[in-house]
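Student: Okay, so here is protein_21.cif, and as you'll see once you scroll down, it has mmCIF, C-alpha atoms.
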```
data_run
loop_
_atom_site.label_atom_id
_atom_site.label_comp_id
_atom_site.auth_asym_id
_atom_site.auth_seq_id
_atom_site.Cartn_x
_atom_site.Cartn_y
_atom_site.Cartn_z
CA MET A 1 11.41 -9.73 20.29
CA SER A 2 8.08 -9.78 18.49
CA GLN A 3 5.08 -11.43 20.15
CA PHE A 4 4.19 -12.98 16.79
CA LYS A 5 5.74 -16.19 15.44
CA ILE A 6 5.43 -16.89 11.73
CA VAL A 7 5.24 -20.57 10.77
CA GLU A 8 7.02 -21.03 7.43
CA GLN A 9 5.18 -22.27 4.36
CA PRO A 10 6.67 -23.18 0.97
CA ASN A 11 6.75 -20.35 -1.55
CA ALA A 12 4.99 -20.69 -4.88
CA PHE A 13 8.48 -20.08 -6.33
CA HIS A 14 11.81 -21.40 -5.08
CA ASP A 15 13.42 -19.15 -2.47
CA HIS A 16 16.57 -18.80 -4.59
CA LEU A 17 14.60 -17.18 -7.41
CA LEU A 18 12.91 -14.84 -4.93
CA ASP A 19 16.33 -13.87 -3.56
CA ILE A 20 17.58 -13.01 -7.04
CA ILE A 21 14.51 -10.97 -7.91
CA GLY A 22 14.31 -9.51 -4.43
CA ASN A 23 17.77 -7.97 -4.74
CA GLU A 24 16.27 -5.67 -7.34
CA PHE A 25 13.77 -4.50 -4.72
CA LYS A 26 16.38 -3.04 -2.38
CA PHE A 27 14.57 0.21 -3.01
CA ASP A 28 14.37 3.09 -0.59
CA HIS A 29 11.56 3.31 1.90
CA ALA A 30 9.66 6.05 0.06
CA LYS A 31 9.19 3.69 -2.89
CA GLY A 32 8.25 0.83 -0.59
CA LEU A 33 5.69 2.87 1.32
CA ALA A 34 4.24 4.01 -2.01
CA GLU A 35 3.73 0.32 -2.86
CA TRP A 36 1.89 -0.19 0.42
CA LEU A 37 -0.28 2.87 -0.28
CA LYS A 38 -1.20 1.40 -3.68
CA ASN A 39 -2.16 -1.90 -2.04
CA SER A 40 -4.42 -0.14 0.46
CA SER A 41 -5.98 1.97 -2.29
CA ASP A 42 -6.66 -1.14 -4.37
CA ALA A 43 -8.32 -2.81 -1.36
CA TYR A 44 -10.67 0.16 -1.02
CA ASN A 45 -11.33 0.27 -4.76
CA ARG A 46 -12.20 -3.43 -4.89
CA ALA A 47 -14.69 -2.73 -2.10
CA ASP A 48 -16.16 0.17 -4.15
CA VAL A 49 -15.26 2.79 -1.54
CA ASN A 50 -15.28 6.40 -2.77
CA ASP A 51 -11.94 8.21 -2.85
CA GLU A 52 -12.94 10.72 -0.20
CA ASP A 53 -13.82 7.87 2.18
CA GLN A 54 -10.52 6.03 1.75
CA PHE A 55 -8.43 6.64 4.88
CA ILE A 56 -4.85 5.33 4.83
CA ILE A 57 -2.42 5.95 7.67
CA ILE A 58 1.36 5.59 7.58
CA ARG A 59 2.70 5.18 11.11
CA LEU A 60 6.50 5.31 11.61
CA ARG A 61 7.25 4.19 15.13
CA PRO A 62 10.56 4.65 16.97
CA LYS A 63 12.43 2.00 18.90
CA THR A 64 11.23 1.41 22.45
CA ALA A 65 12.66 -0.47 25.40
CA VAL A 66 10.90 -3.65 24.27
CA LEU A 67 10.18 -3.20 20.54
CA PRO A 68 12.32 -2.37 17.48
CA PRO A 69 11.47 0.55 15.17
CA ARG A 70 8.48 -0.21 12.97
CA PHE A 71 6.92 1.09 9.76
CA GLU A 72 3.17 0.54 9.38
CA CYS A 73 0.48 1.12 6.77
CA ILE A 74 -3.13 1.00 7.98
CA ASP A 75 -6.39 0.84 6.05
CA PHE A 76 -9.97 0.00 6.99
CA VAL A 77 -10.96 -2.78 4.62
CA GLY A 78 -9.48 -6.04 5.87
CA MET A 79 -8.73 -9.36 4.19
CA THR A 80 -10.26 -12.79 4.58
CA HIS A 81 -8.22 -15.95 4.96
CA ASP A 82 -9.31 -17.00 1.46
CA GLU A 83 -8.03 -13.74 -0.04
CA ILE A 84 -4.62 -14.31 1.55
CA GLU A 85 -4.47 -17.87 0.24
CA THR A 86 -5.66 -17.15 -3.30
CA ALA A 87 -4.13 -13.72 -3.95
CA PHE A 88 -1.53 -12.43 -1.50
CA LYS A 89 0.51 -15.64 -1.26
CA LYS A 90 1.06 -15.84 -5.01
CA TRP A 91 4.10 -14.29 -6.66
CA GLY A 92 3.90 -12.91 -10.20
CA ASP A 93 0.13 -13.29 -10.56
CA PRO A 94 -1.14 -10.84 -13.25
CA ASN A 95 -4.55 -10.86 -11.55
CA ALA A 96 -3.22 -10.27 -8.04
CA ALA A 97 -4.37 -6.66 -7.80
CA THR A 98 -7.80 -7.08 -9.42
CA ARG A 99 -8.58 -10.44 -7.75
CA GLY A 100 -11.06 -11.20 -10.48
CA LYS A 101 -12.72 -7.79 -10.38
CA SER A 102 -12.23 -5.55 -13.36
CA SER A 103 -11.74 -1.98 -12.22
CA LYS A 104 -10.16 1.02 -13.91
CA LYS A 105 -9.07 2.27 -10.49
CA ILE A 106 -6.86 -0.70 -9.64
CA LEU A 107 -3.26 0.54 -9.47
CA GLY A 108 -1.33 -2.61 -8.61
CA GLY A 109 0.06 -5.13 -11.07
CA HIS A 110 1.43 -8.56 -10.26
CA GLY A 111 1.27 -8.10 -6.50
CA ASN A 112 5.04 -8.23 -6.07
CA GLY A 113 6.12 -4.74 -4.96
CA GLY A 114 4.49 -4.61 -1.54
CA LYS A 115 5.48 -8.18 -0.70
CA PHE A 116 9.08 -7.71 -1.77
CA TYR A 117 9.27 -4.54 0.32
CA MET A 118 8.11 -6.59 3.32
CA ARG A 119 10.54 -9.40 2.52
CA GLN A 120 13.67 -7.46 1.63
CA MET A 121 13.74 -4.29 3.70
CA PHE A 122 12.90 -5.46 7.23
CA ASP A 123 14.22 -8.02 9.70
CA GLU A 124 10.66 -9.31 10.07
CA SER A 125 7.33 -8.17 8.66
CA ARG A 126 3.67 -9.13 8.79
CA PHE A 127 0.16 -7.86 8.46
CA ILE A 128 -2.60 -8.10 11.01
CA THR A 129 -5.93 -8.20 9.21
CA TYR A 130 -9.45 -8.42 10.57
CA ARG A 131 -12.68 -8.93 8.66
CA GLY A 132 -15.99 -10.63 9.33
CA GLY A 133 -15.07 -11.34 12.93
CA PHE A 134 -11.93 -13.31 12.04
CA LEU A 135 -8.32 -12.35 12.68
CA ASN A 136 -5.35 -13.42 10.57
CA VAL A 137 -1.64 -12.64 10.96
CA PHE A 138 0.54 -13.44 7.96
CA GLY A 139 4.08 -12.32 7.19
CA PHE A 140 7.79 -13.00 6.72
CA ASN A 141 10.09 -14.27 9.46
CA GLU A 142 13.80 -13.59 9.95
CA HIS A 143 14.63 -16.16 7.22
CA LYS A 144 12.45 -14.30 4.67
CA ARG A 145 9.99 -17.18 4.60
CA TYR A 146 6.30 -16.41 4.73
CA GLY A 147 3.41 -18.01 6.58
CA PHE A 148 0.67 -17.53 9.16
CA ASP A 149 1.13 -17.08 12.86
CA LYS A 150 -0.30 -20.36 14.13
CA ASN A 151 -2.05 -18.56 16.98
CA TYR A 152 -3.77 -16.09 14.65
CA GLU A 153 -5.00 -17.97 11.61
CA LYS A 154 -8.76 -17.84 11.01
CA LYS A 155 -9.09 -16.94 14.67
CA LYS A 156 -12.51 -15.83 15.80
CA ALA A 157 -12.07 -12.59 17.73
CA LYS A 158 -14.08 -9.68 19.01
CA LEU A 159 -13.35 -6.27 17.52
CA ASP A 160 -11.92 -4.86 20.76
CA ARG A 161 -9.39 -7.70 20.96
CA ALA A 162 -8.39 -7.22 17.30
CA ILE A 163 -7.94 -3.47 17.83
CA GLU A 164 -5.83 -4.12 20.92
CA LEU A 165 -3.63 -6.63 19.12
CA ALA A 166 -3.07 -4.20 16.22
CA ASP A 167 -2.58 -1.27 18.64
CA LEU A 168 -5.15 0.90 16.85
CA GLN A 169 -6.73 2.65 19.81
CA ASP A 170 -5.14 6.03 19.05
CA VAL A 171 -5.49 5.65 15.28
CA LEU A 172 -9.26 5.25 15.58
CA LYS A 173 -9.41 8.81 16.90
CA LEU A 174 -8.29 10.03 13.46
CA ILE A 175 -11.04 8.49 11.36
CA PRO A 176 -14.58 9.91 10.96
CA ARG A 177 -17.30 8.68 13.26
CA VAL A 178 -19.23 7.18 10.34
CA LEU A 179 -16.23 4.95 9.53
CA LYS A 180 -15.85 3.94 13.16
CA ASN A 181 -19.55 3.03 13.25
CA LYS A 182 -19.11 0.76 10.23
CA LEU A 183 -16.19 -0.92 11.98
CA ASP A 184 -18.27 -1.41 15.14
CA LYS A 185 -21.10 -2.96 13.10
CA GLY A 186 -18.75 -5.36 11.28
CA GLN A 187 -19.42 -3.76 7.88
CA ILE A 188 -15.67 -3.17 7.36
CA GLY A 189 -12.43 -4.47 8.83
CA PHE A 190 -8.84 -3.32 8.90
CA THR A 191 -5.33 -4.27 7.85
CA VAL A 192 -2.11 -3.15 9.54
CA VAL A 193 1.02 -3.93 7.52
CA THR A 194 4.12 -3.81 9.73
CA GLY A 195 7.84 -3.96 8.99
CA GLU A 196 10.20 -4.29 11.95
CA SER A 197 13.79 -2.96 12.08
CA PRO A 198 13.87 -1.26 8.66
CA GLU A 199 17.14 -1.32 6.74
CA LYS A 200 19.05 1.70 5.38
CA MET A 201 18.14 4.04 8.21
CA ARG A 202 21.50 5.75 8.63
CA GLY A 203 22.41 9.38 8.03
CA ARG A 204 19.68 11.56 6.56
CA ASN A 205 17.40 8.62 5.89
CA ASN A 206 15.17 9.36 8.87
CA PRO A 207 11.37 9.06 9.11
CA ARG A 208 10.68 12.70 8.27
CA SER A 209 12.89 12.67 5.18
CA ILE A 210 11.24 9.41 4.06
CA ILE A 211 7.78 10.98 4.38
CA GLN A 212 8.93 14.04 2.45
CA ARG A 213 10.20 11.83 -0.40
CA LEU A 214 6.95 9.86 -0.28
CA ARG A 215 4.97 13.06 -0.88
CA VAL A 216 6.74 13.63 -4.20
CA HIS A 217 7.16 9.99 -5.25
CA PRO A 218 5.53 9.38 -8.68
CA GLN A 219 3.57 6.35 -7.46
CA ALA A 220 2.21 8.21 -4.43
CA ARG A 221 1.37 11.63 -5.89
CA ARG A 222 -1.82 10.48 -7.62
CA LEU A 223 -3.08 8.85 -4.42
CA LEU A 224 -2.28 11.84 -2.24
CA LYS A 225 -4.38 14.06 -4.50
CA SER A 226 -7.56 12.02 -4.03
CA LYS A 227 -7.29 9.84 -0.89
CA GLN A 228 -7.23 10.73 2.79
CA VAL A 229 -3.64 9.84 3.68
CA PHE A 230 -2.05 10.69 7.03
CA ALA A 231 1.35 10.06 8.59
CA ILE A 232 2.06 9.66 12.30
CA ILE A 233 5.63 10.47 13.33
CA ASP A 234 6.69 11.12 16.94
CA ASN A 235 3.00 11.27 17.90
CA GLN A 236 2.51 14.09 15.38
CA ILE A 237 -0.25 13.70 12.79
CA ILE A 238 0.51 15.01 9.31
CA LYS A 239 -1.99 15.17 6.43
CA LEU A 240 -0.05 14.05 3.36
CA GLU A 241 -0.73 16.07 0.24
CA ALA A 242 1.09 16.00 -3.07
CA ASP A 243 3.35 18.97 -3.74
CA ASN A 244 2.40 20.99 -6.79
CA ILE A 245 5.48 20.94 -8.98
CA PRO A 246 5.62 24.18 -11.02
CA PRO A 247 6.34 23.79 -14.74
CA ARG A 248 9.78 24.65 -16.00
CA GLU A 249 10.20 28.29 -17.02
CA GLY A 250 9.05 28.71 -20.59
CA PHE A 251 6.83 25.60 -20.46
CA GLU A 252 3.92 26.96 -18.43
CA GLY A 253 1.35 26.30 -21.18
CA PRO A 254 -1.27 25.63 -22.26
CA PHE A 255 0.01 25.14 -25.80
CA GLU A 256 -2.19 25.00 -28.89
CA TYR A 257 -1.13 23.14 -32.02
CA GLU A 258 -2.76 22.98 -35.42
CA VAL A 259 -3.01 19.52 -36.93
CA PRO A 260 -4.51 18.28 -40.21
CA GLN A 261 -7.83 16.50 -40.02
CA LEU A 262 -6.74 13.96 -42.61
CA LEU A 263 -3.40 12.27 -43.15
CA LEU A 264 -2.89 10.95 -46.68
CA ARG A 265 -0.67 7.97 -47.35
CA GLY A 266 -0.92 6.71 -50.88
CA SER A 267 -4.58 6.02 -51.56
CA HIS A 268 -5.43 5.77 -47.84
CA GLU A 269 -6.89 8.49 -45.66
CA LEU A 270 -6.44 8.51 -41.89
CA VAL A 271 -8.72 10.73 -39.79
CA LEU A 272 -6.60 12.26 -37.04
CA CYS A 273 -9.18 14.44 -35.31
CA ASN A 274 -12.48 16.16 -35.77
CA SER A 275 -11.12 19.65 -35.09
CA ASN A 276 -8.26 21.69 -36.44
CA SER A 277 -6.34 22.02 -33.18
CA PHE A 278 -5.71 20.45 -29.79
CA THR A 279 -4.41 21.88 -26.54
CA LEU A 280 -1.83 20.60 -24.09
#
```
How would this structure read if it were set down as structure tokens?
Tutor:
Amino acid sequence: MSQFKIVEQPNAFHDHLLDIIGNEFKFDHAKGLAEWLKNSSDAYNRADVNDEDQFIIIRLRPKTAVLPPRFECIDFVGMTHDEIETAFKKWGDPNAATRGKSSKKILGGHGNGGKFYMRQMFDESRFITYRGGFLNVFGFNEHKRYGFDKNYEKKKAKLDRAIELADLQDVLKLIPRVLKNKLDKGQIGFTVVTGESPEKMRGRNNPRSIIQRLRVHPQARRLLKSKQVFAIIDNQIIKLEADNIPPREGFEGPFEYEVPQLLLRGSHELVLCNSNSFTL
């Protein structure tokens, strides 16, 4: 039984509509974790953090005597209570990912994928987020209704207590000292997204196979090429890097094509390019 207790709040949409849409999000865990990676990357990008300084950790934890199996995604940005209220809680918001900040690096869209993964694919889910000295716990209960934990909403807390609650002691050993110093000084925070008792975990759908599929998932490959992404499975730390997929035989390239500079249509001229060829 989880130590956290989510207090339900009304959805911006009726639950029945979310159930209908949510059925389409019965995706596998590799796709869901890719959505969480995108959310963490967007949080870093909104904070203008360079790619090489963006550390994201996927932690897949086995069942214990007192806790169910858990999937977690960890970043070192953190959310404020206002950000949860104005952005995360909304469904179908076209500005959910940018949150009013125009950025070419923002990968998310309407803010649905990560939330639906939390809602649909776990018995319970939540995120523990800490920023500016305040702790918030927000998530979905067993009835797929979201809300804050009443004991951890805008709660003033010291960093050590927040780290203990999120169980980040070992994770902090993975990140560079400069990042840990920023955390100690309150310049950054953290978010730990957690899903308890994941569905569809029978047969070959085990943590290691999920991580392998994540490495080649289209939505994750771009991130794995530029961000610092790690996975923790069975206390083993794995640096996640995108596999280089070789081109099909006969399509190795590059290919050069000649194209006309002008395309004539009736009395109109269309300039296609300023050179006589382009390369793929």
Student: What would the list of residues within 8 Å of (-0.4, -10.4, 8.4) (file frame) look like as a PyMOL selection string, if only C-alpha atoms are what count?
Tutor: chain A and resi 126-129+136-139+148+191-193
Student: May I have the residues from that selection written out with C-alpha atoms, as a short mmCIF file (atom, residue, chain, number, x, y, z; two decimals), keeping the file's coordinate frame?
Tutor:
```cif
data_model
loop_
_atom_site.label_atom_id
_atom_site.label_comp_id
_atom_site.auth_asym_id
_atom_site.auth_seq_id
_atom_site.Cartn_x
_atom_site.Cartn_y
_atom_site.Cartn_z
CA ARG A 126 3.67 -9.13 8.79
CA PHE A 127 0.16 -7.86 8.46
CA ILE A 128 -2.60 -8.10 11.01
CA THR A 129 -5.93 -8.20 9.21
CA ASN A 136 -5.35 -13.42 10.57
CA VAL A 137 -1.64 -12.64 10.96
CA PHE A 138 0.54 -13.44 7.96
CA GLY A 139 4.08 -12.32 7.19
CA PHE A 148 0.67 -17.53 9.16
CA THR A 191 -5.33 -4.27 7.85
CA VAL A 192 -2.11 -3.15 9.54
CA VAL A 193 1.02 -3.93 7.52
#
```
Student: Evaluate the PyMOL selection byres ((chain A and resi 172-180) around 10) against this structure - the residues, as a list in words, please.
Tutor: Asp53, Gln54, Phe55, Ile56, Ile57, Phe76, Ile163, Asp167, Leu168, Gln169, Asp170, Val171, Asn181, Lys182, Leu183, Asp184, Lys185, Gly186, Gln187, Ile188, Gln228, Phe230 and Ile237 of chain A
Student: Would you mind exporting the chosen residues as a PDB file, keeping the file's coordinate frame, restricted to C-alpha atoms?
Tutor:
```
ATOM      1  CA  ASP A  53     -13.820   7.870   2.180  1.00  0.00           C
ATOM      2  CA  GLN A  54     -10.520   6.030   1.750  1.00  0.00           C
ATOM      3  CA  PHE A  55      -8.430   6.640   4.880  1.00  0.00           C
ATOM      4  CA  ILE A  56      -4.850   5.330   4.830  1.00  0.00           C
ATOM      5  CA  ILE A  57      -2.420   5.950   7.670  1.00  0.00           C
ATOM      6  CA  PHE A  76      -9.970   0.000   6.990  1.00  0.00           C
ATOM      7  CA  ILE A 163      -7.940  -3.470  17.830  1.00  0.00           C
ATOM      8  CA  ASP A 167      -2.580  -1.270  18.640  1.00  0.00           C
ATOM      9  CA  LEU A 168      -5.150   0.900  16.850  1.00  0.00           C
ATOM     10  CA  GLN A 169      -6.730   2.650  19.810  1.00  0.00           C
ATOM     11  CA  ASP A 170      -5.140   6.030  19.050  1.00  0.00           C
ATOM     12  CA  VAL A 171      -5.490   5.650  15.280  1.00  0.00           C
ATOM     13  CA  ASN A 181     -19.550   3.030  13.250  1.00  0.00           C
ATOM     14  CA  LYS A 182     -19.110   0.760  10.230  1.00  0.00           C
ATOM     15  CA  LEU A 183     -16.190  -0.920  11.980  1.00  0.00           C
ATOM     16  CA  ASP A 184     -18.270  -1.410  15.140  1.00  0.00           C
ATOM     17  CA  LYS A 185     -21.100  -2.960  13.100  1.00  0.00           C
ATOM     18  CA  GLY A 186     -18.750  -5.360  11.280  1.00  0.00           C
ATOM     19  CA  GLN A 187     -19.420  -3.760   7.880  1.00  0.00           C
ATOM     20  CA  ILE A 188     -15.670  -3.170   7.360  1.00  0.00           C
ATOM     21  CA  GLN A 228      -7.230  10.730   2.790  1.00  0.00           C
ATOM     22  CA  PHE A 230      -2.050  10.690   7.030  1.00  0.00           C
ATOM     23  CA  ILE A 237      -0.250  13.700  12.790  1.00  0.00           C
TER      24      ILE A 237
END
```
Student: Smallest atom-to-atom distance to Ile210 (chain A): which of A:Ile233, A:Tyr44, A:Asp149, A:Asn39, using all atoms listed in the file?
Tutor: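 Of the candidates, the smallest distance to Ile210 (chain A) is held by A:Ile233.
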Student: If you apply the PyMOL selection byres ((chain A and resi 155) around 10) to this file, what residues do you get, as a PyMOL selection string?
Tutor: chain A and resi 81+130+133-137+150-154+156-158
Student: Once you count only C-alpha atoms, what closest atom pair and distance in Å to one decimal does each residue of region 15-78 of chain A within 10 Å of region 197-200 of chain A have, with rows by chain and rising residue number, as JSON lines?
Tutor:
```
{"residue": "A:Lys26", "atom": "CA", "partner": "A:Glu199", "partner_atom": "CA", "distance": 9.3}
{"residue": "A:Phe27", "atom": "CA", "partner": "A:Lys200", "partner_atom": "CA", "distance": 9.6}
{"residue": "A:Asp28", "atom": "CA", "partner": "A:Lys200", "partner_atom": "CA", "distance": 7.7}
{"residue": "A:His29", "atom": "CA", "partner": "A:Lys200", "partner_atom": "CA", "distance": 8.4}
{"residue": "A:Pro62", "atom": "CA", "partner": "A:Ser197", "partner_atom": "CA", "distance": 9.6}
{"residue": "A:Lys63", "atom": "CA", "partner": "A:Ser197", "partner_atom": "CA", "distance": 8.5}
{"residue": "A:Leu67", "atom": "CA", "partner": "A:Ser197", "partner_atom": "CA", "distance": 9.2}
{"residue": "A:Pro68", "atom": "CA", "partner": "A:Ser197", "partner_atom": "CA", "distance": 5.6}
{"residue": "A:Pro69", "atom": "CA", "partner": "A:Ser197", "partner_atom": "CA", "distance": 5.2}
{"residue": "A:Arg70", "atom": "CA", "partner": "A:Ser197", "partner_atom": "CA", "distance": 6.0}
{"residue": "A:Phe71", "atom": "CA", "partner": "A:Pro198", "partner_atom": "CA", "distance": 7.4}
```
Student: Filtering to C-alpha atoms, could you give me those residues as a CSV table (one decimal), keeping the file's coordinate frame?
Tutor:
```
chain,number,residue,atom,x,y,z
A,26,LYS,CA,16.4,-3.0,-2.4
A,27,PHE,CA,14.6,0.2,-3.0
A,28,ASP,CA,14.4,3.1,-0.6
A,29,HIS,CA,11.6,3.3,1.9
A,62,PRO,CA,10.6,4.6,17.0
A,63,LYS,CA,12.4,2.0,18.9
A,67,LEU,CA,10.2,-3.2,20.5
A,68,PRO,CA,12.3,-2.4,17.5
A,69,PRO,CA,11.5,0.6,15.2
A,70,ARG,CA,8.5,-0.2,13.0
A,71,PHE,CA,6.9,1.1,9.8
```
Student: Take the PyMOL selection byres ((chain A and resi 119) around 9), apply it to the structure above, and return the hits as a PyMOL selection string.
Tutor: chain A and resi 22+114-118+120-125+139-141+144-146+195
Student: Rounded to one decimal place, report the CA of Phe4 (chain A)-CA of Ala166 (chain A) distance in Å.
Tutor: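 Between CA of Phe4 (chain A) and CA of Ala166 (chain A) the gap works out to 11.4 Å.
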Student: How many Å lie between CA of Glu52 (chain A) and CA of Ala162 (chain A), rounded to one decimal?
Tutor: 25.5 Å
Student: Find, counting all atoms listed in the file, the residue in A:Phe251, A:Trp36, A:Phe190, A:Phe88 that gets nearest to Glu72 (chain A).
Tutor: A:Trp36
Student: At what distance in Å, to one decimal, does CA of Asn50 (chain A) lie from CA of Leu214 (chain A)?
Tutor: 22.6 Å
Student: Between A:Gly32, A:Gly147, A:Gly203, A:Gly250, which one has atoms that come closest to Asn112 (chain A), using all atoms listed in the file?
Tutor: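 Of A:Gly32, A:Gly147, A:Gly203, A:Gly250, the one nearest Asn112 (chain A) is A:Gly32, counting all atoms listed in the file.
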Student: Go through A:Glu196, A:Asp42, A:Asp243, A:Asp234 one by one, measure the shortest atom-to-atom distance of each to Arg215 (chain A) using all atoms listed in the file, and give the residue with the smallest value.
Tutor: A:Asp243
Student: Between A:Arg204, A:Lys5, A:Arg46, A:Arg59, single out the one closest to Ile232 (chain A), counting only C-alpha atoms.
Tutor: A:Arg59
